[in-house]
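Structure file input30.txt; described as compact mmCIF, C-alpha atoms.
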# COMPACT_ATOMS: atom_id res chain seq x y z
CA MET A 97 19.38 -22.89 31.00
CA PRO A 98 16.51 -20.62 31.94
CA GLN A 99 16.33 -17.52 29.83
CA ARG A 100 16.92 -14.31 31.66
CA GLU A 101 14.31 -11.79 30.82
CA ILE A 102 15.75 -8.42 29.96
CA HIS A 103 13.58 -5.39 30.18
CA VAL A 104 14.54 -3.06 27.38
CA ILE A 105 13.39 0.51 27.35
CA SER A 106 13.43 2.74 24.36
CA GLY A 107 13.12 6.44 23.97
CA THR A 108 13.20 9.22 21.44
CA ILE A 109 15.99 11.50 20.26
CA ILE A 110 14.84 14.93 21.16
CA GLU A 111 16.97 16.66 18.52
CA GLN A 112 15.28 14.70 15.74
CA GLY A 113 11.84 14.40 14.28
CA ASP A 114 9.21 16.91 15.27
CA THR A 115 9.99 17.16 18.98
CA THR A 116 9.42 20.69 20.17
CA LEU A 117 9.74 22.09 23.64
CA THR A 118 7.81 24.80 25.43
CA ILE A 119 9.36 27.31 27.77
CA GLU A 120 7.88 25.31 30.66
CA ASP A 121 9.65 22.17 29.38
CA LEU A 122 12.97 23.99 29.21
CA SER A 123 12.42 25.60 32.58
CA ARG A 124 11.77 22.22 34.20
CA LEU A 125 14.58 20.43 32.34
CA CYS A 126 17.14 23.08 33.18
CA ALA A 127 15.85 23.64 36.72
CA ALA A 128 15.68 27.32 35.89
CA GLU A 129 12.93 29.88 36.17
CA ALA A 130 10.96 30.52 32.98
CA ALA A 131 12.04 34.16 33.20
CA HIS A 132 15.65 33.01 33.06
CA ILE A 133 14.95 30.96 29.92
CA ALA A 134 13.21 33.99 28.42
CA GLU A 135 16.40 35.99 28.98
CA LEU A 136 18.31 33.39 26.96
CA VAL A 137 15.82 33.84 24.11
CA GLU A 138 16.05 37.60 24.26
CA GLU A 139 19.85 37.39 24.14
CA GLY A 140 19.54 35.31 20.95
CA ILE A 141 21.13 32.27 22.59
CA LEU A 142 18.29 29.83 21.98
CA PRO A 143 16.84 28.89 18.62
CA VAL A 144 13.09 29.50 18.35
CA ILE A 145 10.74 27.91 15.84
CA GLY A 146 8.62 30.36 13.88
CA GLY A 147 8.01 33.85 15.17
CA VAL A 148 9.70 35.50 18.10
CA ALA A 149 6.37 36.37 19.65
CA PRO A 150 5.42 34.17 22.62
CA PRO A 151 4.28 31.48 23.19
CA TRP A 152 7.63 30.17 22.02
CA ARG A 153 8.27 26.72 20.56
CA PHE A 154 11.83 25.44 20.74
CA PRO A 155 13.52 22.72 18.69
CA GLY A 156 14.90 19.81 20.73
CA ALA A 157 18.45 21.09 20.21
CA ALA A 158 17.58 24.08 22.40
CA LEU A 159 17.75 21.88 25.50
CA ARG A 160 21.47 21.21 25.32
CA ARG A 161 22.23 24.79 24.36
CA ALA A 162 20.21 26.12 27.27
CA ARG A 163 21.92 23.77 29.71
CA VAL A 164 25.39 24.72 28.45
CA ALA A 165 24.49 28.43 28.57
CA LEU A 166 23.22 28.21 32.13
CA ARG A 167 26.24 26.21 33.25
CA LEU A 168 28.63 28.76 31.72
CA GLN A 169 26.75 31.61 33.31
CA ARG A 170 26.78 29.98 36.72
CA ASP A 171 30.23 28.41 36.75
CA LEU A 172 32.17 31.21 35.10
CA GLU A 173 30.14 34.01 36.65
CA ILE A 174 29.67 35.77 33.31
CA ASN A 175 26.65 37.71 32.11
CA LEU A 176 24.40 36.59 29.29
CA ALA A 177 26.07 38.76 26.67
CA GLY A 178 29.34 37.03 27.61
CA VAL A 179 27.65 33.62 27.44
CA ALA A 180 26.25 34.43 24.00
CA LEU A 181 29.67 35.55 22.79
CA ALA A 182 31.35 32.42 24.19
CA LEU A 183 28.80 30.14 22.52
CA GLU A 184 29.15 31.89 19.18
CA LEU A 185 32.94 31.69 19.33
CA MET A 186 32.72 28.02 20.28
CA ASP A 187 30.45 27.40 17.27
CA GLU A 188 32.95 29.21 15.08
CA ILE A 189 35.87 27.17 16.42
CA GLU A 190 33.87 24.01 15.76
CA ALA A 191 33.16 25.12 12.18
CA LEU A 192 36.83 26.00 11.58
CA ARG A 193 37.98 22.73 13.04
CA ARG A 194 35.61 20.98 10.68
CA ARG A 195 37.00 22.90 7.74
CA ILE A 196 40.57 21.94 8.61
CA ARG A 197 39.56 18.31 8.63
CA GLY A 198 37.09 18.71 5.78
CA MET B 799 40.52 9.03 52.30
CA GLU B 800 43.06 11.25 50.61
CA PHE B 801 43.88 14.72 51.80
CA LYS B 802 43.16 17.45 49.26
CA ASP B 803 45.32 20.54 49.14
CA TYR B 804 42.78 23.14 48.05
CA TYR B 805 45.40 25.89 47.91
CA LYS B 806 47.55 23.86 45.57
CA ILE B 807 44.58 22.95 43.38
CA MET B 808 43.81 26.64 42.96
CA GLY B 809 47.48 27.59 42.64
CA VAL B 810 47.30 30.22 45.39
CA ALA B 811 49.30 30.79 48.57
CA ARG B 812 47.80 29.90 51.94
CA ASP B 813 47.54 33.57 52.78
CA ALA B 814 45.88 34.53 49.48
CA THR B 815 43.23 37.23 49.70
CA GLU B 816 39.62 36.62 48.73
CA ALA B 817 40.20 38.64 45.58
CA GLN B 818 43.20 36.50 44.61
CA ILE B 819 41.21 33.32 45.19
CA LYS B 820 38.35 34.59 43.10
CA GLN B 821 40.67 35.60 40.29
CA ALA B 822 42.46 32.25 40.36
CA TYR B 823 39.13 30.44 40.26
CA ARG B 824 37.82 32.38 37.32
CA LYS B 825 40.97 31.87 35.31
CA LEU B 826 41.11 28.13 35.97
CA ALA B 827 37.35 27.72 35.55
CA ARG B 828 37.55 29.17 32.05
CA LYS B 829 40.43 26.84 31.27
CA TYR B 830 38.85 23.65 32.56
CA HIS B 831 35.11 24.19 32.10
CA PRO B 832 33.91 20.92 30.53
CA ASP B 833 31.68 22.76 28.06
CA VAL B 834 34.61 24.82 26.81
CA SER B 835 37.80 22.90 27.45
CA LYS B 836 39.36 20.35 25.16
CA GLU B 837 41.71 19.17 27.91
CA LYS B 838 41.37 15.45 28.52
CA ASP B 839 40.77 15.54 32.25
CA ALA B 840 38.76 18.78 32.16
CA GLU B 841 35.73 17.33 33.91
CA ALA B 842 37.73 15.97 36.86
CA ARG B 843 39.86 19.09 37.12
CA PHE B 844 36.83 21.35 37.04
CA LYS B 845 35.09 19.36 39.75
CA GLU B 846 38.15 19.50 41.96
CA LEU B 847 38.46 23.20 41.30
CA GLY B 848 34.81 23.84 42.17
CA GLU B 849 35.25 21.99 45.42
CA ALA B 850 38.40 23.93 46.30
CA TYR B 851 36.65 27.22 45.53
CA GLU B 852 33.57 26.20 47.49
CA VAL B 853 35.80 25.90 50.56
CA LEU B 854 38.22 28.76 50.07
CA LYS B 855 35.69 31.40 49.09
CA ASN B 856 33.63 30.76 52.18
CA PRO B 857 35.26 32.31 55.28
CA GLU B 858 33.85 29.71 57.70
CA LYS B 859 34.79 26.75 55.58
CA ARG B 860 38.20 28.19 54.85
CA ALA B 861 38.85 28.80 58.54
CA ALA B 862 37.79 25.26 59.33
CA TYR B 863 40.01 23.87 56.57
CA ASP B 864 42.95 26.00 57.72
CA GLN B 865 42.54 24.56 61.18
CA LEU B 866 43.78 21.24 59.81
CA GLY B 867 47.18 22.91 59.56
CA PRO B 868 49.63 23.37 56.73
CA ASN B 869 51.49 20.11 57.15
CA HIS B 870 49.28 17.76 55.18
CA ARG B 871 50.33 16.68 51.73
CA ALA B 872 47.92 16.23 48.83
CA GLY B 873 47.09 12.56 48.41
CA GLU B 874 48.18 11.47 51.89
CA GLN B 875 45.82 9.35 53.94
CA PHE B 876 43.65 11.56 56.04
CA ARG B 877 41.12 11.26 58.82
CA PRO B 878 39.33 14.27 60.26
CA PRO B 879 40.21 14.96 63.92
CA PRO B 880 37.63 13.63 66.40
CA ASP B 881 36.47 17.06 67.52
CA TRP B 882 36.11 18.15 63.93
CA GLY B 883 33.22 20.33 62.93
CA ALA B 884 32.32 21.64 66.37
CA GLY B 885 31.38 25.25 66.23
CA PHE B 886 31.11 25.60 62.49
CA GLU B 887 27.89 25.97 60.64
CA PHE B 888 27.93 25.34 56.94
CA SER B 889 25.22 26.42 54.60
CA GLY B 890 24.39 24.52 51.44
CA GLY B 891 25.26 25.28 47.86
CA GLY B 892 26.36 23.80 44.57
CA GLU B 893 25.01 20.73 42.88
CA SER B 894 28.16 18.86 41.97
CA SER B 895 29.12 15.82 43.96
CA TYR B 896 32.06 16.34 46.21
CA SER B 897 34.99 14.16 47.17
CA ASP B 898 34.95 11.92 50.24
CA PHE B 899 37.41 14.35 51.76
CA PHE B 900 35.02 17.26 51.35
CA GLU B 901 32.06 15.29 52.65
CA ALA B 902 33.96 14.15 55.72
CA LEU B 903 34.79 17.75 56.54
CA PHE B 904 31.63 19.56 55.56
CA GLY B 905 29.09 16.77 55.59
CA GLN B 906 25.97 15.88 53.69
CA ARG B 907 24.31 19.14 54.58
CA ALA B 908 26.61 20.99 52.29
CA ARG B 909 25.65 18.75 49.43
CA ALA B 910 21.87 18.69 49.55
CA ARG B 911 20.72 20.98 46.82
CA PRO B 912 18.43 23.76 47.96
CA GLY B 913 15.27 24.04 45.89
CA GLY B 914 15.79 22.06 42.71
CA ARG B 915 13.83 19.01 43.80
CA GLY B 916 10.28 18.55 42.74
CA GLY B 917 10.44 20.79 39.70
CA PHE B 918 7.96 23.48 38.96
CA ASP B 919 4.85 21.55 38.09
CA GLY B 920 3.55 20.15 41.30
CA GLY B 921 3.47 16.43 41.97
CA ARG B 922 5.57 15.26 39.05
CA GLY B 923 8.83 13.47 39.83
CA GLU B 924 12.12 15.14 39.06
CA ASP B 925 13.69 14.68 35.63
CA HIS B 926 17.14 13.18 35.66
CA HIS B 927 19.99 13.95 33.31
CA ALA B 928 22.94 11.72 32.56
CA LYS B 929 25.79 11.59 30.10
CA VAL B 930 26.82 8.24 28.69
CA LEU B 931 29.80 7.15 26.65
CA LEU B 932 28.63 4.69 23.98
CA ASP B 933 30.52 2.64 21.46
CA LEU B 934 29.97 4.04 17.98
CA ASP B 935 28.62 0.71 16.76
CA ALA B 936 25.57 1.17 18.98
CA SER B 937 24.56 4.10 16.81
CA LEU B 938 25.76 2.64 13.49
CA ALA B 939 23.78 -0.57 13.87
CA GLY B 940 21.28 0.31 16.59
CA GLY B 941 20.86 -2.17 19.41
CA THR B 942 20.50 -2.51 23.12
CA ARG B 943 23.14 -1.32 25.53
CA GLU B 944 23.39 -1.70 29.26
CA ILE B 945 23.71 1.68 30.88
CA ARG B 946 24.82 2.10 34.47
CA LEU B 947 23.84 5.24 36.24
CA ARG B 948 24.55 6.51 39.69
CA VAL B 949 21.37 8.00 41.04
CA PRO B 950 21.14 10.10 44.18
CA GLU B 951 18.33 8.84 46.42
CA LEU B 952 17.15 9.76 49.86
CA ASP B 953 17.20 6.81 52.24
CA SER B 954 14.64 6.31 55.01
CA ALA B 955 16.61 8.57 57.35
CA GLY B 956 16.66 11.32 54.76
CA HIS B 957 20.34 10.97 53.86
CA LEU B 958 21.37 11.39 50.28
CA GLU B 959 23.14 8.36 48.86
CA LEU B 960 24.23 7.27 45.42
CA LYS B 961 22.61 4.10 44.16
CA GLU B 962 23.68 2.24 41.08
CA ARG B 963 20.97 1.59 38.58
CA THR B 964 21.23 -0.51 35.43
CA LEU B 965 19.03 0.08 32.42
CA ASN B 966 18.86 -1.76 29.13
CA VAL B 967 18.30 0.94 26.59
CA GLN B 968 17.43 0.59 22.94
CA ILE B 969 19.88 2.95 21.25
CA PRO B 970 18.20 4.74 18.35
CA LYS B 971 20.09 3.99 15.15
CA GLY B 972 21.93 7.03 13.85
CA ILE B 973 22.00 9.02 17.08
CA LEU B 974 24.78 11.61 17.00
CA ALA B 975 27.22 12.77 19.64
CA GLY B 976 25.67 15.54 21.70
CA GLN B 977 22.12 14.37 21.07
CA THR B 978 19.81 13.36 23.86
CA ILE B 979 17.57 10.34 24.33
CA ARG B 980 14.43 10.94 26.34
CA LEU B 981 13.26 7.94 28.34
CA ALA B 982 9.78 8.79 29.52
CA GLY B 983 8.96 7.87 33.09
CA GLN B 984 12.52 6.79 33.98
CA GLY B 985 13.35 9.79 36.13
CA ALA B 986 12.59 10.16 39.82
CA ARG B 987 9.44 8.57 41.14
CA ALA B 988 7.04 10.82 42.93
CA ALA B 989 4.48 9.98 45.57
CA GLY B 990 1.06 10.57 44.05
CA GLY B 991 2.33 11.88 40.74
CA PRO B 992 3.84 10.64 37.51
CA ALA B 993 7.56 9.83 37.46
CA GLY B 994 9.94 12.26 35.81
CA ASP B 995 11.83 11.52 32.61
CA LEU B 996 15.42 10.48 32.13
CA TYR B 997 17.50 12.40 29.61
CA ILE B 998 20.63 10.69 28.35
CA GLU B 999 23.17 12.77 26.47
CA VAL B 1000 25.28 10.64 24.19
CA GLU B 1001 29.00 10.82 23.51
CA PHE B 1002 31.07 8.20 21.70
CA GLN B 1003 34.17 6.31 22.66
CA PRO B 1004 36.94 6.47 20.07
CA HIS B 1005 36.30 3.86 17.37
CA ARG B 1006 38.85 1.35 16.11
CA LEU B 1007 38.42 2.49 12.49
CA TYR B 1008 36.33 5.61 12.16
CA ARG B 1009 36.50 9.17 13.35
CA VAL B 1010 33.21 10.94 13.83
CA ASP B 1011 32.51 14.53 12.94
CA GLY B 1012 28.84 15.31 13.49
CA ARG B 1013 27.07 13.05 11.01
CA ASP B 1014 30.16 12.41 8.87
CA LEU B 1015 32.60 9.55 9.33
CA TYR B 1016 36.27 9.46 8.39
CA LEU B 1017 38.46 6.46 7.65
CA ASP B 1018 42.21 6.57 7.07
CA LEU B 1019 42.84 4.05 4.31
CA PRO B 1020 46.40 2.87 3.68
CA VAL B 1021 47.21 2.17 0.01
CA ALA B 1022 50.38 1.02 -1.71
CA PRO B 1023 52.24 3.60 -3.86
CA TRP B 1024 51.29 1.77 -7.05
CA GLU B 1025 47.63 1.61 -6.02
CA ALA B 1026 47.63 5.38 -5.54
CA SER B 1027 49.58 6.10 -8.73
CA LEU B 1028 48.02 3.60 -11.13
CA GLY B 1029 44.55 3.43 -9.64
CA ALA B 1030 43.10 0.33 -8.05
CA SER B 1031 40.05 -1.18 -6.50
CA VAL B 1032 40.65 -1.93 -2.83
CA ALA B 1033 38.58 -3.60 -0.11
CA THR B 1034 37.37 -0.92 2.32
CA PRO B 1035 35.32 -1.24 5.50
CA THR B 1036 32.23 0.96 5.77
CA PRO B 1037 29.51 1.00 8.45
CA ALA B 1038 27.17 -0.86 6.08
CA GLY B 1039 29.78 -3.55 5.33
CA PRO B 1040 32.92 -3.86 3.22
CA ILE B 1041 32.96 -2.44 -0.29
CA ASP B 1042 35.41 -2.35 -3.18
CA LEU B 1043 36.53 1.24 -3.40
CA LYS B 1044 37.90 2.60 -6.64
CA ILE B 1045 41.09 4.58 -6.07
CA PRO B 1046 41.56 7.01 -8.97
CA ALA B 1047 44.95 6.94 -10.73
CA GLY B 1048 47.26 9.74 -9.61
CA SER B 1049 45.93 9.90 -6.03
CA LYS B 1050 48.18 11.47 -3.43
CA ALA B 1051 48.53 11.06 0.32
CA GLY B 1052 45.68 12.99 1.91
CA THR B 1053 43.39 12.59 -1.11
CA LYS B 1054 39.85 12.46 0.19
CA LEU B 1055 37.16 10.35 -1.37
CA ARG B 1056 33.56 11.01 -0.43
CA LEU B 1057 30.90 8.33 -0.28
CA LYS B 1058 27.70 10.27 -0.08
CA GLY B 1059 25.14 9.14 2.46
CA ARG B 1060 27.33 6.37 3.87
CA GLY B 1061 28.23 8.12 7.12
CA MET B 1062 26.14 8.09 10.28
CA PRO B 1063 22.75 6.50 9.53
CA ALA B 1064 20.95 9.58 10.80
CA ASN B 1065 18.16 11.48 9.13
CA PRO B 1066 19.52 12.87 6.83
CA PRO B 1067 22.46 10.46 6.72
CA GLY B 1068 26.02 11.79 6.86
CA ASP B 1069 28.82 11.18 4.38
CA PHE B 1070 31.67 8.72 4.59
CA PHE B 1071 35.12 10.14 3.85
CA VAL B 1072 38.08 7.97 2.98
CA VAL B 1073 41.42 9.70 3.47
CA LEU B 1074 44.28 8.02 1.63
CA GLU B 1075 47.56 7.22 3.33
CA ILE B 1076 50.44 6.03 1.21
CA ALA B 1077 52.07 3.05 2.91
CA LEU B 1078 55.62 2.26 1.78
CA PRO B 1079 56.64 -1.35 1.38
CA PRO B 1080 59.71 -2.13 3.51
CA ALA B 1081 62.97 -2.51 1.61
CA ASP B 1082 63.90 -5.58 3.59
CA GLY B 1083 65.07 -8.06 0.96
CA GLU B 1084 67.22 -8.20 -2.16
CA LYS B 1085 64.17 -8.15 -4.39
CA ALA B 1086 62.59 -5.18 -2.66
CA LYS B 1087 65.86 -3.25 -2.74
CA ALA B 1088 66.27 -4.00 -6.43
CA ALA B 1089 62.74 -2.75 -7.11
CA TYR B 1090 63.39 0.54 -5.27
CA LYS B 1091 66.71 0.93 -7.16
CA ALA B 1092 65.00 0.30 -10.46
CA MET B 1093 62.43 2.95 -9.60
CA ALA B 1094 65.14 5.44 -8.62
CA ASP B 1095 66.93 4.82 -11.91
CA ALA B 1096 63.79 5.00 -14.02
CA LEU B 1097 62.06 8.05 -12.50
CA PRO B 1098 63.45 11.59 -12.63
CA PHE B 1099 61.66 12.37 -9.38
CA ASP B 1100 62.59 15.18 -7.00
CA PRO B 1101 60.21 15.16 -4.03
CA ARG B 1102 61.82 18.38 -2.74
CA ALA B 1103 61.54 20.42 -5.95
CA ARG B 1104 59.28 22.95 -4.20
CA LEU B 1105 61.83 23.66 -1.48
CA GLY B 1106 64.26 25.28 -3.94
CA VAL B 1107 67.39 23.42 -2.84
Show me, as structure tokens, the structure contained in the file I just sent.
Amino acid sequence: MPQREIHVISGTIIEQGDTTLTIEDLSRLCAAEAAHIAELVEEGILPVIGGVAPPWRFPGAALRRARVALRLQRDLEINLAGVALALELMDEIEALRRRIRG
Amino acid sequence: MEFKDYYKIMGVARDATEAQIKQAYRKLARKYHPDVSKEKDAEARFKELGEAYEVLKNPEKRAAYDQLGPNHRAGEQFRPPPDWGAGFEFSGGGESSYSDFFEALFGQRARARPGGRGGFDGGRGEDHHAKVLLDLDASLAGGTREIRLRVPELDSAGHLELKERTLNVQIPKGILAGQTIRLAGQGARAAGGPAGDLYIEVEFQPHRLYRVDGRDLYLDLPVAPWEASLGASVATPTPAGPIDLKIPAGSKAGTKLRLKGRGMPANPPGDFFVVLEIALPPADGEKAKAAYKAMADALPFDPRARLGV
């Protein structure tokens, strides 16, 4: 039987290793203006590596957080302070849930 | 296609005001938002809700929808009337994909996303994002998995259509739920520029044996009462293969044993937790009954001592 050739692609986990993202990366990946991403940083929603002075470097985990934040803002029509509060409460619920199981 | 009762989906009367519709949407959106909700069908419900709101909040679309009349039932077979759509102009919005019902009524135009395409850096192709549900073993052992994606593409006439695309992806060992794999150059192709990237967010299907919590794994391990009470060494599955686990004497149901570093093979690795369950042998023969009787006679045991009765 002839062997079928399978093309396998591999990638990287962006939350691991030394992957960092710039504000331009986040802007492109979230299809949001850089100014909008900057608002997320100023609201304390996104983790920043090192100092808070621009140019910012973001850990890979910032991508998912930014996407969730923007979705909440858009879909639930809430302002960024509300988004920040929701995310923090969700983190807290997650931590409590872990403690119940843990 | 099936008729969709947008009023019913939103839980409002047909003569609801704009304010009532908005309020109903916000309430339900908070309940079913996939990033917030733990409801099982949250994603489907939220999509349906978004579609209903898209129609009912827009006076032209709502008027057009109302024109279909109040006598359709949700789920019934439906075909738009032949003169449908004349005289209405719908503007675009939203990025979610709509039902066939919606598309038949409001067309492709309503779906095409304004802006969005092309990104912000010139000739580079658009990045794509997808969520995939993997079996946990793909992460525990690493390996290749076939991933099917539905990708929106413009055909030669400029219509948006969903094409199925199959990729064989090397799953990085130890990837955790909620993490994202970047596949460089696997996003949208661009004329005269580099292709975009594909971002795959990983979630896991429930596993036959293990529960996942971040980088930790949990196994419920049934043990016999004498194994728990007297201590024992029992065969236990772990991601790295079976081991003989030492059960300390005097263990109770719910006792948790931690095997450090034997959870998800991430960096750093998670822990593996074994939660003991006491399994009772059935008293289904003379011998078994005699053994239980002997135990009852020999042990001054009151399991309800704490209840004070």
At a cut-off of 6 Å, list the chain A residues touching chain B, using only C-alpha atoms, as a PyMOL selection string. chain A and resi 104-110+124
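Atom CA of B:Thr964 is positioned 10.5 Å from atom CA of A:His103.
When all atoms listed in the file are used to measure the gap to A:Arg161, the shortest distance among A:Ala127, A:Val148, A:Leu183, A:Ile119 belongs to A:Leu183.
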Around (35.4, 19.0, 11.7) in the file's frame, which residues reach within 12 Å when counting all atoms listed in the file? Return as an NGL selection string? (:A and (187-198)) or (:B and (1009-1016 or 1071))
note - atom CA of B:Leu947 and atom CA of B:Arg963 are separated by 5.2 Å
- request: Excluding A:Gly178 and residues on its chain fewer than 5 positions from it, collect all residues at most 10 Å away from it, counting all atoms listed in the file, and give them as a ChimeraX atom specification.
  value: /A:165,168-169,172-173,183-184
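In this comparison, which uses all atoms listed in the file, the residue of A:Ala180, A:Ala158, A:Ile174, A:Met186 approaching A:Ile141 most closely is A:Ala180.
The space between atom CA of A:Thr115 and atom CA of A:Phe154 spans 8.7 Å.
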**Prompt:** Near B:Lys802, counting all atoms listed in the file, which residues have an atom at most 10 Å away, once you skip same-chain residues fewer than 5 positions from it, shown as a list in words?
**Reply:** Ile807, Glu846, Glu849, Ala850, His870, Arg871, Ala872, Gly873, Glu874, Gln875, Phe876, Ser897, Asp898, Phe899 and Phe900 of chain B
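Residue nearest B:Tyr1008 within the list B:Ile1045, B:Met1062, B:Val1032, B:Leu1055: B:Met1062 [criterion: smallest interatomic distance, only C-alpha atoms].
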Which neighbours of B:Pro1023 fall inside 10 Å, counting all atoms listed in the file, when residues of the same chain fewer than 6 positions from it are skipped, and could you give them as a PyMOL selection string? chain B and resi 1029+1048-1051+1075-1079
Please write the residues from the selection above to a file, keeping C-alpha atoms, as a PDB file, keeping the file's coordinate frame.
ATOM      1  CA  GLY B1029      44.550   3.430  -9.640  1.00  0.00           C
ATOM      2  CA  GLY B1048      47.260   9.740  -9.610  1.00  0.00           C
ATOM      3  CA  SER B1049      45.930   9.900  -6.030  1.00  0.00           C
ATOM      4  CA  LYS B1050      48.180  11.470  -3.430  1.00  0.00           C
ATOM      5  CA  ALA B1051      48.530  11.060   0.320  1.00  0.00           C
ATOM      6  CA  GLU B1075      47.560   7.220   3.330  1.00  0.00           C
ATOM      7  CA  ILE B1076      50.440   6.030   1.210  1.00  0.00           C
ATOM      8  CA  ALA B1077      52.070   3.050   2.910  1.00  0.00           C
ATOM      9  CA  LEU B1078      55.620   2.260   1.780  1.00  0.00           C
ATOM     10  CA  PRO B1079      56.640  -1.350   1.380  1.00  0.00           C
TER      11      PRO B1079
END
Between A:Leu176, A:Ala128, A:Gly140, A:Thr118, smallest distance to A:Trp152 by all atoms listed in the file belongs to A:Thr118
Using all atoms listed in the file, the residue out of B:Arg1006, B:Ser835, B:Asp953, B:Arg922 with shortest distance to B:Arg987 is B:Arg922
